[in-house]
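Shown here: structure_26.cif, mmCIF, C-alpha atoms.
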data_coords
#
loop_
_atom_site.label_atom_id
_atom_site.label_comp_id
_atom_site.auth_asym_id
_atom_site.auth_seq_id
_atom_site.Cartn_x
_atom_site.Cartn_y
_atom_site.Cartn_z
CA MET A 263 43.37 114.64 -160.56
CA ASN A 264 41.47 116.84 -158.10
CA SER A 265 41.12 119.81 -160.47
CA PRO A 266 37.48 121.01 -160.47
CA TRP A 267 37.71 121.11 -164.28
CA LEU A 268 38.27 117.35 -164.33
CA LEU A 269 35.34 116.43 -162.05
CA PRO A 270 32.78 116.06 -164.92
CA PHE A 271 35.26 113.69 -166.59
CA TRP A 272 35.47 111.45 -163.48
CA ILE A 273 31.67 111.44 -163.08
CA ALA A 274 31.23 110.49 -166.76
CA LEU A 275 33.89 107.77 -166.44
CA GLY A 276 31.94 106.21 -163.55
CA ALA A 277 28.47 106.73 -165.06
CA ILE A 278 29.23 104.69 -168.21
CA PRO A 279 30.04 101.34 -166.51
CA GLY A 280 27.32 102.08 -163.90
CA ALA A 281 24.56 102.42 -166.51
CA LEU A 282 25.87 99.48 -168.57
CA ALA A 283 26.16 97.17 -165.53
CA ARG A 284 22.57 98.10 -164.58
CA HIS A 285 21.24 97.45 -168.08
CA TYR A 286 22.93 94.08 -168.65
CA LEU A 287 22.21 92.81 -165.12
CA ILE A 288 18.49 93.62 -165.59
CA ILE A 289 18.53 91.71 -168.91
CA LEU A 290 20.32 88.75 -167.24
CA PHE A 291 17.77 88.60 -164.39
CA THR A 292 14.87 88.84 -166.85
CA GLU A 293 16.31 85.97 -168.93
CA LYS A 294 16.86 83.77 -165.85
CA LEU A 295 13.81 84.64 -163.73
CA GLY A 296 11.22 85.96 -166.20
CA THR A 297 9.08 89.07 -166.15
CA ASN A 298 6.56 88.30 -163.36
CA PHE A 299 8.56 90.44 -160.91
CA PRO A 300 11.22 93.12 -161.61
CA PHE A 301 13.99 91.04 -159.98
CA GLY A 302 16.66 92.85 -162.02
CA THR A 303 15.91 96.40 -160.87
CA PHE A 304 15.28 95.06 -157.34
CA PHE A 305 18.72 93.42 -157.29
CA VAL A 306 20.45 96.46 -158.81
CA ASN A 307 18.92 98.91 -156.33
CA LEU A 308 19.61 96.70 -153.30
CA SER A 309 23.17 95.76 -154.29
CA GLY A 310 23.80 99.43 -155.20
CA SER A 311 22.65 100.46 -151.72
CA VAL A 312 25.09 97.97 -150.12
CA LEU A 313 27.83 99.34 -152.39
CA MET A 314 26.85 102.92 -151.42
CA GLY A 315 27.08 102.20 -147.65
CA PHE A 316 30.41 100.44 -148.17
CA SER A 317 31.88 103.22 -150.35
CA VAL A 318 30.79 106.31 -148.38
CA THR A 319 32.33 104.69 -145.30
CA LEU A 320 35.66 103.90 -146.95
CA ILE A 321 36.14 106.77 -149.43
CA ASP A 322 37.55 110.00 -148.00
CA LYS A 323 35.11 112.90 -148.69
CA ASN A 324 38.13 115.12 -149.33
CA ILE A 325 39.12 113.23 -152.49
CA PRO A 326 36.68 114.76 -155.02
CA TRP A 327 37.84 112.74 -158.05
CA LEU A 328 37.32 109.40 -156.26
CA ASN A 329 33.89 110.50 -154.94
CA GLY A 330 32.97 111.68 -158.45
CA LEU A 331 34.09 108.44 -160.07
CA ILE A 332 32.69 105.87 -157.61
CA ILE A 333 29.77 107.50 -155.74
CA VAL A 334 28.30 110.21 -158.05
CA GLY A 335 29.35 108.45 -161.26
CA PHE A 336 29.24 104.69 -160.83
CA ILE A 337 26.94 103.85 -157.90
CA ALA A 338 24.33 106.63 -158.36
CA SER A 339 24.01 105.76 -162.09
CA TYR A 340 24.01 102.00 -161.44
CA THR A 341 20.92 102.36 -159.21
CA THR A 342 17.76 103.94 -160.61
CA PHE A 343 14.71 105.54 -159.06
CA SER A 344 12.69 106.19 -162.23
CA THR A 345 12.81 102.54 -163.36
CA TYR A 346 11.73 101.46 -159.84
CA VAL A 347 8.67 103.73 -160.11
CA LEU A 348 7.96 102.56 -163.69
CA ASP A 349 8.20 98.86 -162.67
CA THR A 350 5.73 99.49 -159.82
CA SER A 351 3.27 101.15 -162.19
CA LYS A 352 3.56 98.28 -164.72
CA LEU A 353 2.85 95.68 -161.99
CA GLY A 354 -0.24 97.70 -161.01
CA GLN A 355 -1.44 97.86 -164.63
CA GLN A 356 -1.03 94.07 -164.85
CA LYS A 357 -3.19 93.83 -161.67
CA ARG A 358 -0.29 92.12 -159.85
CA TYR A 359 -1.17 94.15 -156.76
CA ALA A 360 0.64 91.96 -154.20
CA SER A 361 3.86 92.03 -156.27
CA ALA A 362 3.46 95.79 -156.80
CA LEU A 363 3.13 96.43 -153.07
CA ILE A 364 6.02 94.09 -152.13
CA TYR A 365 8.26 95.77 -154.74
CA PHE A 366 7.12 99.35 -153.94
CA ILE A 367 7.65 99.01 -150.17
CA GLY A 368 10.36 96.31 -150.23
CA SER A 369 12.76 98.35 -152.38
CA PRO A 370 13.14 101.34 -149.97
CA LEU A 371 13.19 99.09 -146.88
CA GLY A 372 15.61 96.63 -148.51
CA GLY A 373 17.73 99.53 -149.76
CA LEU A 374 18.01 101.00 -146.27
CA LEU A 375 18.95 97.60 -144.81
CA GLY A 376 21.44 97.13 -147.67
CA LEU A 377 23.01 100.52 -146.93
CA LYS A 378 23.42 99.59 -143.24
CA LEU A 379 24.94 96.23 -144.29
CA GLY A 380 27.43 98.07 -146.53
CA ILE A 381 28.38 100.45 -143.69
CA PHE A 382 28.78 97.46 -141.35
CA LEU A 383 30.94 95.54 -143.86
CA ALA A 384 33.22 98.56 -144.31
CA GLY A 385 33.52 99.25 -140.57
CA MET B 233 21.81 102.96 -185.51
CA ASN B 234 19.86 99.94 -184.27
CA SER B 235 22.83 97.55 -184.43
CA PRO B 236 23.05 95.61 -181.12
CA TRP B 237 26.79 96.35 -181.15
CA LEU B 238 26.03 100.06 -180.88
CA LEU B 239 23.56 99.83 -177.97
CA PRO B 240 26.24 100.23 -175.23
CA PHE B 241 27.37 103.39 -177.04
CA TRP B 242 23.85 104.89 -176.95
CA ILE B 243 23.43 103.99 -173.28
CA ALA B 244 26.80 105.59 -172.44
CA LEU B 245 25.94 108.68 -174.48
CA GLY B 246 22.75 109.14 -172.41
CA ALA B 247 24.30 108.21 -169.06
CA ILE B 248 26.94 110.97 -169.17
CA PRO B 249 24.54 114.00 -169.36
CA GLY B 250 22.13 112.13 -167.02
CA ALA B 251 24.73 111.75 -164.25
CA LEU B 252 26.10 115.29 -164.78
CA ALA B 253 22.63 116.90 -164.74
CA ARG B 254 21.87 115.03 -161.49
CA HIS B 255 25.14 116.09 -159.87
CA TYR B 256 24.97 119.79 -160.76
CA LEU B 257 21.23 120.10 -160.00
CA ILE B 258 21.84 118.62 -156.52
CA ILE B 259 24.67 121.15 -155.97
CA LEU B 260 22.40 124.01 -157.17
CA PHE B 261 19.56 122.99 -154.81
CA THR B 262 22.00 122.64 -151.90
CA GLU B 263 23.41 126.13 -152.57
CA LYS B 264 19.93 127.71 -152.82
CA LEU B 265 18.01 125.77 -150.13
CA GLY B 266 20.69 124.48 -147.75
CA THR B 267 21.31 121.02 -146.31
CA ASN B 268 18.38 120.62 -143.87
CA PHE B 269 16.49 118.51 -146.41
CA PRO B 270 17.78 116.67 -149.53
CA PHE B 271 15.76 118.91 -151.89
CA GLY B 272 18.16 118.21 -154.76
CA THR B 273 17.81 114.41 -154.85
CA PHE B 274 14.08 114.80 -154.16
CA PHE B 275 13.71 117.10 -157.18
CA VAL B 276 15.88 114.91 -159.42
CA ASN B 277 13.98 111.72 -158.58
CA LEU B 278 10.53 113.33 -158.98
CA SER B 279 11.33 115.21 -162.18
CA GLY B 280 13.03 112.06 -163.53
CA SER B 281 9.86 110.08 -162.81
CA VAL B 282 7.78 112.65 -164.77
CA LEU B 283 10.30 112.40 -167.60
CA MET B 284 10.13 108.59 -167.46
CA GLY B 285 6.32 108.54 -167.76
CA PHE B 286 6.48 111.04 -170.60
CA SER B 287 9.22 109.19 -172.49
CA VAL B 288 7.98 105.59 -172.20
CA THR B 289 4.63 106.82 -173.52
CA LEU B 290 6.11 108.65 -176.51
CA ILE B 291 9.15 106.54 -177.45
CA ASP B 292 8.48 103.46 -179.57
CA LYS B 293 9.78 100.31 -177.77
CA ASN B 294 10.91 98.99 -181.16
CA ILE B 295 13.58 101.68 -181.54
CA PRO B 296 16.38 100.22 -179.34
CA TRP B 297 18.89 103.04 -179.87
CA LEU B 298 16.40 105.72 -178.75
CA ASN B 299 15.31 103.67 -175.72
CA GLY B 300 18.98 103.07 -174.86
CA LEU B 301 19.87 106.75 -175.17
CA ILE B 302 16.88 108.36 -173.40
CA ILE B 303 15.40 105.78 -171.01
CA VAL B 304 18.23 103.37 -170.03
CA GLY B 305 21.00 105.96 -170.48
CA PHE B 306 19.75 109.44 -169.61
CA ILE B 307 16.66 109.09 -167.36
CA ALA B 308 17.70 105.97 -165.40
CA SER B 309 21.14 107.52 -164.67
CA TYR B 310 19.68 110.96 -163.89
CA THR B 311 17.56 109.48 -161.09
CA THR B 312 19.23 107.58 -158.26
CA PHE B 313 18.03 105.06 -155.71
CA SER B 314 21.25 104.66 -153.70
CA THR B 315 21.55 108.42 -152.97
CA TYR B 316 17.88 108.46 -151.89
CA VAL B 317 18.60 105.69 -149.38
CA LEU B 318 21.83 107.39 -148.23
CA ASP B 319 20.02 110.75 -147.74
CA THR B 320 17.37 109.02 -145.62
CA SER B 321 20.01 107.39 -143.44
CA LYS B 322 21.85 110.73 -142.97
CA LEU B 323 18.61 112.48 -141.87
CA GLY B 324 18.09 109.67 -139.34
CA GLN B 325 21.65 110.03 -138.02
CA GLN B 326 21.01 113.78 -137.59
CA LYS B 327 17.86 112.87 -135.61
CA ARG B 328 15.72 114.73 -138.17
CA TYR B 329 13.14 111.96 -137.94
CA ALA B 330 10.18 113.90 -139.39
CA SER B 331 12.24 114.96 -142.43
CA ALA B 332 13.60 111.41 -142.80
CA LEU B 333 10.07 109.95 -142.83
CA ILE B 334 8.68 112.60 -145.22
CA TYR B 335 11.62 112.05 -147.59
CA PHE B 336 11.62 108.23 -147.29
CA ILE B 337 7.86 107.87 -147.95
CA GLY B 338 7.36 111.04 -150.03
CA SER B 339 9.94 110.07 -152.67
CA PRO B 340 8.24 106.81 -153.83
CA LEU B 341 4.73 108.30 -153.58
CA GLY B 342 5.80 111.52 -155.32
CA GLY B 343 7.68 109.50 -157.93
CA LEU B 344 4.61 107.40 -158.72
CA LEU B 345 2.45 110.55 -159.01
CA GLY B 346 5.15 112.14 -161.17
CA LEU B 347 5.19 109.11 -163.47
CA LYS B 348 1.41 109.32 -163.89
CA LEU B 349 1.72 113.05 -164.60
CA GLY B 350 4.32 112.33 -167.28
CA ILE B 351 2.09 109.67 -168.87
CA PHE B 352 -0.85 112.12 -168.77
CA LEU B 353 1.21 114.94 -170.33
CA ALA B 354 2.33 112.65 -173.17
CA GLY B 355 -1.16 111.28 -173.81
#
Here is a file; write its structure as structure tokens.
Amino acid sequence: MNSPWLLPFWIALGAIPGALARHYLIILFTEKLGTNFPFGTFFVNLSGSVLMGFSVTLIDKNIPWLNGLIIVGFIASYTTFSTYVLDTSKLGQQKRYASALIYFIGSPLGGLLGLKLGIFLAG
Amino acid sequence: MNSPWLLPFWIALGAIPGALARHYLIILFTEKLGTNFPFGTFFVNLSGSVLMGFSVTLIDKNIPWLNGLIIVGFIASYTTFSTYVLDTSKLGQQKRYASALIYFIGSPLGGLLGLKLGIFLAG
């Protein structure tokens, strides 16, 4: 399972559910809470940061296949930086400047707090 | 190709090369430039933001399979928010406070500029 030749397979196997969970959670949040604020991407990036703190604390760095599957594959694909930047730009274009600023600054700060929470929960 | 039943397939098909490109680019940057600064994730998130601006401008929103493949699958999985937050936390733990601050603030600002560059290039 730790063969370097298999690593791309483990990353791919994690990336598929990561990307799909992100996509369908964003749709769910949009259906429930509307489009005034990108609640979906906000939730995905914050919950993914908690998951990242939790996982890097618990998963042994010396198990490449498990790191590939969970951290590089699932969690890193579940969260997204480009959509976060795109959402911010869209809020600005819609002149929702307060929402844009809250989202733009709140995501990194919330993500960092989420990461610490994940590390704490795993400790 | 636009069947809603096929959308998860298109997203998965984009997510696999997205996650693999991210992983191997980060390894390449680490090998070339060392571990003092997370150049790899920085590059991936900024180039992914350029790609996002370029793609959302050129790709018709009414073609779900192409949006699923390129935007939700490839670009959103290529960039990563959770690794960005984890990198910031690691720099802080190593007491590299200047690097941590430059990376933490420079990534969102650089990403937003990158997105605008992508939109400009596609226009």
Chain A on chain B, least-squares, complete ordered Cα pairing, as a compact mmCIF listing (two decimals) with C-alpha atoms, keeping the file's coordinate frame:
# COMPACT_ATOMS: atom_id res chain seq x y z
CA MET A 263 21.80 102.97 -185.51
CA ASN A 264 19.86 99.94 -184.27
CA SER A 265 22.82 97.54 -184.41
CA PRO A 266 23.05 95.60 -181.11
CA TRP A 267 26.79 96.36 -181.14
CA LEU A 268 26.02 100.07 -180.89
CA LEU A 269 23.56 99.83 -177.97
CA PRO A 270 26.25 100.23 -175.23
CA PHE A 271 27.39 103.38 -177.05
CA TRP A 272 23.87 104.90 -176.96
CA ILE A 273 23.44 104.00 -173.27
CA ALA A 274 26.82 105.58 -172.43
CA LEU A 275 25.94 108.69 -174.47
CA GLY A 276 22.76 109.14 -172.41
CA ALA A 277 24.30 108.20 -169.04
CA ILE A 278 26.94 110.98 -169.17
CA PRO A 279 24.56 113.99 -169.35
CA GLY A 280 22.14 112.14 -167.01
CA ALA A 281 24.73 111.76 -164.23
CA LEU A 282 26.12 115.28 -164.77
CA ALA A 283 22.65 116.90 -164.74
CA ARG A 284 21.89 115.03 -161.49
CA HIS A 285 25.14 116.10 -159.85
CA TYR A 286 24.98 119.80 -160.76
CA LEU A 287 21.25 120.11 -159.99
CA ILE A 288 21.85 118.62 -156.51
CA ILE A 289 24.67 121.15 -155.95
CA LEU A 290 22.41 124.01 -157.17
CA PHE A 291 19.57 122.99 -154.82
CA THR A 292 21.99 122.65 -151.89
CA GLU A 293 23.41 126.14 -152.57
CA LYS A 294 19.93 127.70 -152.82
CA LEU A 295 18.02 125.76 -150.15
CA GLY A 296 20.69 124.46 -147.76
CA THR A 297 21.30 121.02 -146.33
CA ASN A 298 18.38 120.61 -143.87
CA PHE A 299 16.48 118.49 -146.42
CA PRO A 300 17.78 116.67 -149.54
CA PHE A 301 15.76 118.91 -151.90
CA GLY A 302 18.18 118.20 -154.77
CA THR A 303 17.82 114.41 -154.85
CA PHE A 304 14.08 114.81 -154.16
CA PHE A 305 13.71 117.11 -157.17
CA VAL A 306 15.87 114.91 -159.41
CA ASN A 307 13.97 111.72 -158.58
CA LEU A 308 10.54 113.34 -158.96
CA SER A 309 11.34 115.22 -162.18
CA GLY A 310 13.04 112.05 -163.52
CA SER A 311 9.85 110.09 -162.82
CA VAL A 312 7.78 112.66 -164.76
CA LEU A 313 10.32 112.43 -167.59
CA MET A 314 10.14 108.60 -167.45
CA GLY A 315 6.31 108.54 -167.74
CA PHE A 316 6.47 111.05 -170.59
CA SER A 317 9.22 109.19 -172.48
CA VAL A 318 7.96 105.59 -172.19
CA THR A 319 4.62 106.82 -173.53
CA LEU A 320 6.09 108.65 -176.51
CA ILE A 321 9.15 106.54 -177.44
CA ASP A 322 8.47 103.47 -179.58
CA LYS A 323 9.75 100.32 -177.78
CA ASN A 324 10.90 99.00 -181.15
CA ILE A 325 13.58 101.68 -181.54
CA PRO A 326 16.35 100.23 -179.33
CA TRP A 327 18.88 103.04 -179.86
CA LEU A 328 16.40 105.74 -178.75
CA ASN A 329 15.31 103.66 -175.72
CA GLY A 330 18.99 103.07 -174.86
CA LEU A 331 19.87 106.75 -175.18
CA ILE A 332 16.89 108.37 -173.41
CA ILE A 333 15.39 105.79 -171.02
CA VAL A 334 18.22 103.37 -170.02
CA GLY A 335 20.98 105.95 -170.49
CA PHE A 336 19.74 109.42 -169.61
CA ILE A 337 16.67 109.10 -167.36
CA ALA A 338 17.70 105.98 -165.37
CA SER A 339 21.15 107.52 -164.66
CA TYR A 340 19.69 110.97 -163.90
CA THR A 341 17.56 109.48 -161.09
CA THR A 342 19.24 107.58 -158.26
CA PHE A 343 18.04 105.06 -155.71
CA SER A 344 21.25 104.67 -153.70
CA THR A 345 21.56 108.41 -152.98
CA TYR A 346 17.88 108.46 -151.90
CA VAL A 347 18.60 105.69 -149.38
CA LEU A 348 21.83 107.40 -148.23
CA ASP A 349 20.03 110.76 -147.74
CA THR A 350 17.36 109.02 -145.63
CA SER A 351 20.01 107.40 -143.44
CA LYS A 352 21.86 110.73 -142.97
CA LEU A 353 18.62 112.48 -141.89
CA GLY A 354 18.07 109.67 -139.36
CA GLN A 355 21.62 110.02 -138.01
CA GLN A 356 21.01 113.77 -137.60
CA LYS A 357 17.83 112.85 -135.63
CA ARG A 358 15.72 114.73 -138.20
CA TYR A 359 13.13 111.95 -137.95
CA ALA A 360 10.18 113.90 -139.40
CA SER A 361 12.25 114.97 -142.44
CA ALA A 362 13.58 111.41 -142.81
CA LEU A 363 10.08 109.94 -142.84
CA ILE A 364 8.68 112.61 -145.22
CA TYR A 365 11.62 112.05 -147.61
CA PHE A 366 11.61 108.22 -147.30
CA ILE A 367 7.86 107.86 -147.96
CA GLY A 368 7.36 111.04 -150.03
CA SER A 369 9.93 110.07 -152.68
CA PRO A 370 8.24 106.80 -153.82
CA LEU A 371 4.73 108.30 -153.58
CA GLY A 372 5.81 111.52 -155.32
CA GLY A 373 7.69 109.48 -157.93
CA LEU A 374 4.60 107.41 -158.72
CA LEU A 375 2.45 110.54 -159.00
CA GLY A 376 5.16 112.14 -161.17
CA LEU A 377 5.20 109.10 -163.46
CA LYS A 378 1.40 109.29 -163.88
CA LEU A 379 1.70 113.05 -164.59
CA GLY A 380 4.32 112.31 -167.28
CA ILE A 381 2.08 109.65 -168.87
CA PHE A 382 -0.85 112.10 -168.77
CA LEU A 383 1.20 114.93 -170.32
CA ALA A 384 2.32 112.64 -173.16
CA GLY A 385 -1.17 111.26 -173.81
Each residue of chain B with at least one atom at most 10 Å from chain A should appear once, together with its nearest atom pair and the corresponding distance in Å (one decimal); atoms considered: only C-alpha atoms; ordering: chain, then increasing residue number; output as a tab-separated table.
residue	atom	partner	partner_atom	distance
B:Leu239	CA	A:Leu282	CA	9.7
B:Pro240	CA	A:Leu282	CA	6.7
B:Phe241	CA	A:Ile278	CA	9.1
B:Ile243	CA	A:Leu282	CA	7.0
B:Ala244	CA	A:Ile278	CA	5.0
B:Leu245	CA	A:Ile278	CA	8.1
B:Gly246	CA	A:Ile278	CA	8.9
B:Ala247	CA	A:Ala277	CA	6.0
B:Ile248	CA	A:Ala274	CA	4.9
B:Pro249	CA	A:Ala274	CA	8.0
B:Gly250	CA	A:Ser339	CA	8.3
B:Ala251	CA	A:Ala277	CA	6.3
B:Leu252	CA	A:Pro270	CA	6.7
B:Arg254	CA	A:Val334	CA	8.7
B:His255	CA	A:Val334	CA	6.9
B:Tyr256	CA	A:Pro270	CA	9.6
B:Val276	CA	A:Phe343	CA	9.4
B:Asn277	CA	A:Phe343	CA	6.2
B:Leu278	CA	A:Ser344	CA	8.1
B:Ser279	CA	A:Ser344	CA	9.1
B:Gly280	CA	A:Ser344	CA	6.0
B:Ser281	CA	A:Ser344	CA	4.8
B:Val282	CA	A:Ser344	CA	8.5
B:Leu283	CA	A:Ser344	CA	8.6
B:Met284	CA	A:Ser344	CA	6.3
B:Gly285	CA	A:Leu348	CA	7.4
B:Val288	CA	A:Leu348	CA	9.0
B:Gly300	CA	A:His285	CA	9.1
B:Ile303	CA	A:Thr345	CA	8.7
B:Val304	CA	A:His285	CA	6.9
B:Gly305	CA	A:Ala281	CA	6.4
B:Phe306	CA	A:Ala281	CA	9.1
B:Ile307	CA	A:Ser344	CA	7.1
B:Ala308	CA	A:Thr342	CA	5.2
B:Ser309	CA	A:Ser339	CA	4.2
B:Tyr310	CA	A:Ser339	CA	7.0
B:Thr311	CA	A:Phe343	CA	5.3
B:Thr312	CA	A:Thr342	CA	4.6
B:Phe313	CA	A:Phe343	CA	4.7
B:Ser314	CA	A:Ser311	CA	4.8
B:Thr315	CA	A:Ala338	CA	6.3
B:Tyr316	CA	A:Phe343	CA	8.4
B:Val317	CA	A:Leu374	CA	5.7
B:Leu318	CA	A:Leu377	CA	7.1
B:Thr320	CA	A:Leu374	CA	8.1
B:Ser321	CA	A:Leu374	CA	7.3
B:Phe336	CA	A:Pro370	CA	7.5
B:Ile337	CA	A:Pro370	CA	8.6
B:Ser339	CA	A:Phe343	CA	9.2
B:Pro340	CA	A:Val347	CA	7.0
B:Leu341	CA	A:Val347	CA	8.9
B:Gly342	CA	A:Val347	CA	9.6
B:Gly343	CA	A:Val347	CA	6.2
B:Leu344	CA	A:Val347	CA	5.6
B:Leu345	CA	A:Val347	CA	9.3
B:Gly346	CA	A:Val347	CA	9.2
B:Leu347	CA	A:Leu348	CA	7.1
B:Lys348	CA	A:Ser351	CA	8.5
Write the residues you've just listed into a file as an mmCIF file, in the frame of the given file, and include C-alpha atoms for each of them.
data_model
loop_
_atom_site.group_PDB
_atom_site.id
_atom_site.type_symbol
_atom_site.label_atom_id
_atom_site.label_comp_id
_atom_site.auth_asym_id
_atom_site.auth_seq_id
_atom_site.Cartn_x
_atom_site.Cartn_y
_atom_site.Cartn_z
ATOM 1 C CA LEU B 239 23.560 99.830 -177.970
ATOM 2 C CA PRO B 240 26.240 100.230 -175.230
ATOM 3 C CA PHE B 241 27.370 103.390 -177.040
ATOM 4 C CA ILE B 243 23.430 103.990 -173.280
ATOM 5 C CA ALA B 244 26.800 105.590 -172.440
ATOM 6 C CA LEU B 245 25.940 108.680 -174.480
ATOM 7 C CA GLY B 246 22.750 109.140 -172.410
ATOM 8 C CA ALA B 247 24.300 108.210 -169.060
ATOM 9 C CA ILE B 248 26.940 110.970 -169.170
ATOM 10 C CA PRO B 249 24.540 114.000 -169.360
ATOM 11 C CA GLY B 250 22.130 112.130 -167.020
ATOM 12 C CA ALA B 251 24.730 111.750 -164.250
ATOM 13 C CA LEU B 252 26.100 115.290 -164.780
ATOM 14 C CA ARG B 254 21.870 115.030 -161.490
ATOM 15 C CA HIS B 255 25.140 116.090 -159.870
ATOM 16 C CA TYR B 256 24.970 119.790 -160.760
ATOM 17 C CA VAL B 276 15.880 114.910 -159.420
ATOM 18 C CA ASN B 277 13.980 111.720 -158.580
ATOM 19 C CA LEU B 278 10.530 113.330 -158.980
ATOM 20 C CA SER B 279 11.330 115.210 -162.180
ATOM 21 C CA GLY B 280 13.030 112.060 -163.530
ATOM 22 C CA SER B 281 9.860 110.080 -162.810
ATOM 23 C CA VAL B 282 7.780 112.650 -164.770
ATOM 24 C CA LEU B 283 10.300 112.400 -167.600
ATOM 25 C CA MET B 284 10.130 108.590 -167.460
ATOM 26 C CA GLY B 285 6.320 108.540 -167.760
ATOM 27 C CA VAL B 288 7.980 105.590 -172.200
ATOM 28 C CA GLY B 300 18.980 103.070 -174.860
ATOM 29 C CA ILE B 303 15.400 105.780 -171.010
ATOM 30 C CA VAL B 304 18.230 103.370 -170.030
ATOM 31 C CA GLY B 305 21.000 105.960 -170.480
ATOM 32 C CA PHE B 306 19.750 109.440 -169.610
ATOM 33 C CA ILE B 307 16.660 109.090 -167.360
ATOM 34 C CA ALA B 308 17.700 105.970 -165.400
ATOM 35 C CA SER B 309 21.140 107.520 -164.670
ATOM 36 C CA TYR B 310 19.680 110.960 -163.890
ATOM 37 C CA THR B 311 17.560 109.480 -161.090
ATOM 38 C CA THR B 312 19.230 107.580 -158.260
ATOM 39 C CA PHE B 313 18.030 105.060 -155.710
ATOM 40 C CA SER B 314 21.250 104.660 -153.700
ATOM 41 C CA THR B 315 21.550 108.420 -152.970
ATOM 42 C CA TYR B 316 17.880 108.460 -151.890
ATOM 43 C CA VAL B 317 18.600 105.690 -149.380
ATOM 44 C CA LEU B 318 21.830 107.390 -148.230
ATOM 45 C CA THR B 320 17.370 109.020 -145.620
ATOM 46 C CA SER B 321 20.010 107.390 -143.440
ATOM 47 C CA PHE B 336 11.620 108.230 -147.290
ATOM 48 C CA ILE B 337 7.860 107.870 -147.950
ATOM 49 C CA SER B 339 9.940 110.070 -152.670
ATOM 50 C CA PRO B 340 8.240 106.810 -153.830
ATOM 51 C CA LEU B 341 4.730 108.300 -153.580
ATOM 52 C CA GLY B 342 5.800 111.520 -155.320
ATOM 53 C CA GLY B 343 7.680 109.500 -157.930
ATOM 54 C CA LEU B 344 4.610 107.400 -158.720
ATOM 55 C CA LEU B 345 2.450 110.550 -159.010
ATOM 56 C CA GLY B 346 5.150 112.140 -161.170
ATOM 57 C CA LEU B 347 5.190 109.110 -163.470
ATOM 58 C CA LYS B 348 1.410 109.320 -163.890
#
Residue by residue, what does the PyMOL selection byres ((chain A and resi 383-385) around 7) grab here? Present the result as a list in words. Phe316, Thr319, Leu320, Leu379, Gly380, Ile381 and Phe382 of chain A
Each side padded by 8 Å, which centre and which edge lengths in Å (one decimal) define the axis-aligned box around the listed atoms of range 305-324 of chain A? Give them as JSON.
{"center_x": 28.4, "center_y": 104.3, "center_z": -152.1, "size_x": 35.4, "size_y": 37.7, "size_z": 29.5}
Shortest contact to Asn298 in chain A, candidates A:Ile325, A:Ala283, A:Leu331, A:Ala362, atoms counted only C-alpha atoms, goes to A:Ala362
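In this model, the gap between CA of Asp349 in chain A and CA of Lys294 in chain A comes to 17.7 Å.
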For the atom pair CA of Phe305 in chain A and CA of Ile364 in chain A, what is the interatomic distance in Å to one decimal place?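 Separation of CA of Phe305 in chain A and CA of Ile364 in chain A: 13.7 Å.
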What separation in Å, quoted to one decimal, exists between CA of Ser317 in chain A and CA of Phe291 in chain A?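 A separation of 24.7 Å between them.
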Could I get range 235-246 of chain B rebuilt with N, CA and C atoms, written as a compact mmCIF listing (two decimals), keeping the file's coordinate frame?
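Result saved to rebuild.txt:
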# COMPACT_ATOMS: atom_id res chain seq x y z
N SER B 235 21.95 98.70 -184.61
CA SER B 235 22.83 97.55 -184.43
C SER B 235 23.03 97.25 -182.94
N PRO B 236 22.86 95.96 -182.54
CA PRO B 236 23.05 95.61 -181.12
C PRO B 236 24.45 95.97 -180.62
N TRP B 237 25.43 96.01 -181.55
CA TRP B 237 26.79 96.35 -181.15
C TRP B 237 26.91 97.81 -180.74
N LEU B 238 25.97 98.63 -181.19
CA LEU B 238 26.03 100.06 -180.88
C LEU B 238 25.25 100.43 -179.61
N LEU B 239 24.41 99.50 -179.11
CA LEU B 239 23.56 99.83 -177.97
C LEU B 239 24.35 100.36 -176.75
N PRO B 240 25.46 99.69 -176.37
CA PRO B 240 26.24 100.23 -175.23
C PRO B 240 26.69 101.68 -175.46
N PHE B 241 26.96 102.02 -176.71
CA PHE B 241 27.37 103.39 -177.04
C PHE B 241 26.23 104.37 -176.77
N TRP B 242 25.00 104.01 -177.18
CA TRP B 242 23.85 104.89 -176.95
C TRP B 242 23.55 105.05 -175.47
N ILE B 243 23.66 103.93 -174.73
CA ILE B 243 23.43 103.99 -173.28
C ILE B 243 24.46 104.91 -172.62
N ALA B 244 25.73 104.74 -172.99
CA ALA B 244 26.80 105.59 -172.44
C ALA B 244 26.57 107.06 -172.78
N LEU B 245 26.16 107.31 -174.00
CA LEU B 245 25.94 108.68 -174.48
C LEU B 245 24.81 109.37 -173.69
N GLY B 246 23.82 108.59 -173.23
CA GLY B 246 22.75 109.14 -172.41
C GLY B 246 23.14 109.25 -170.95
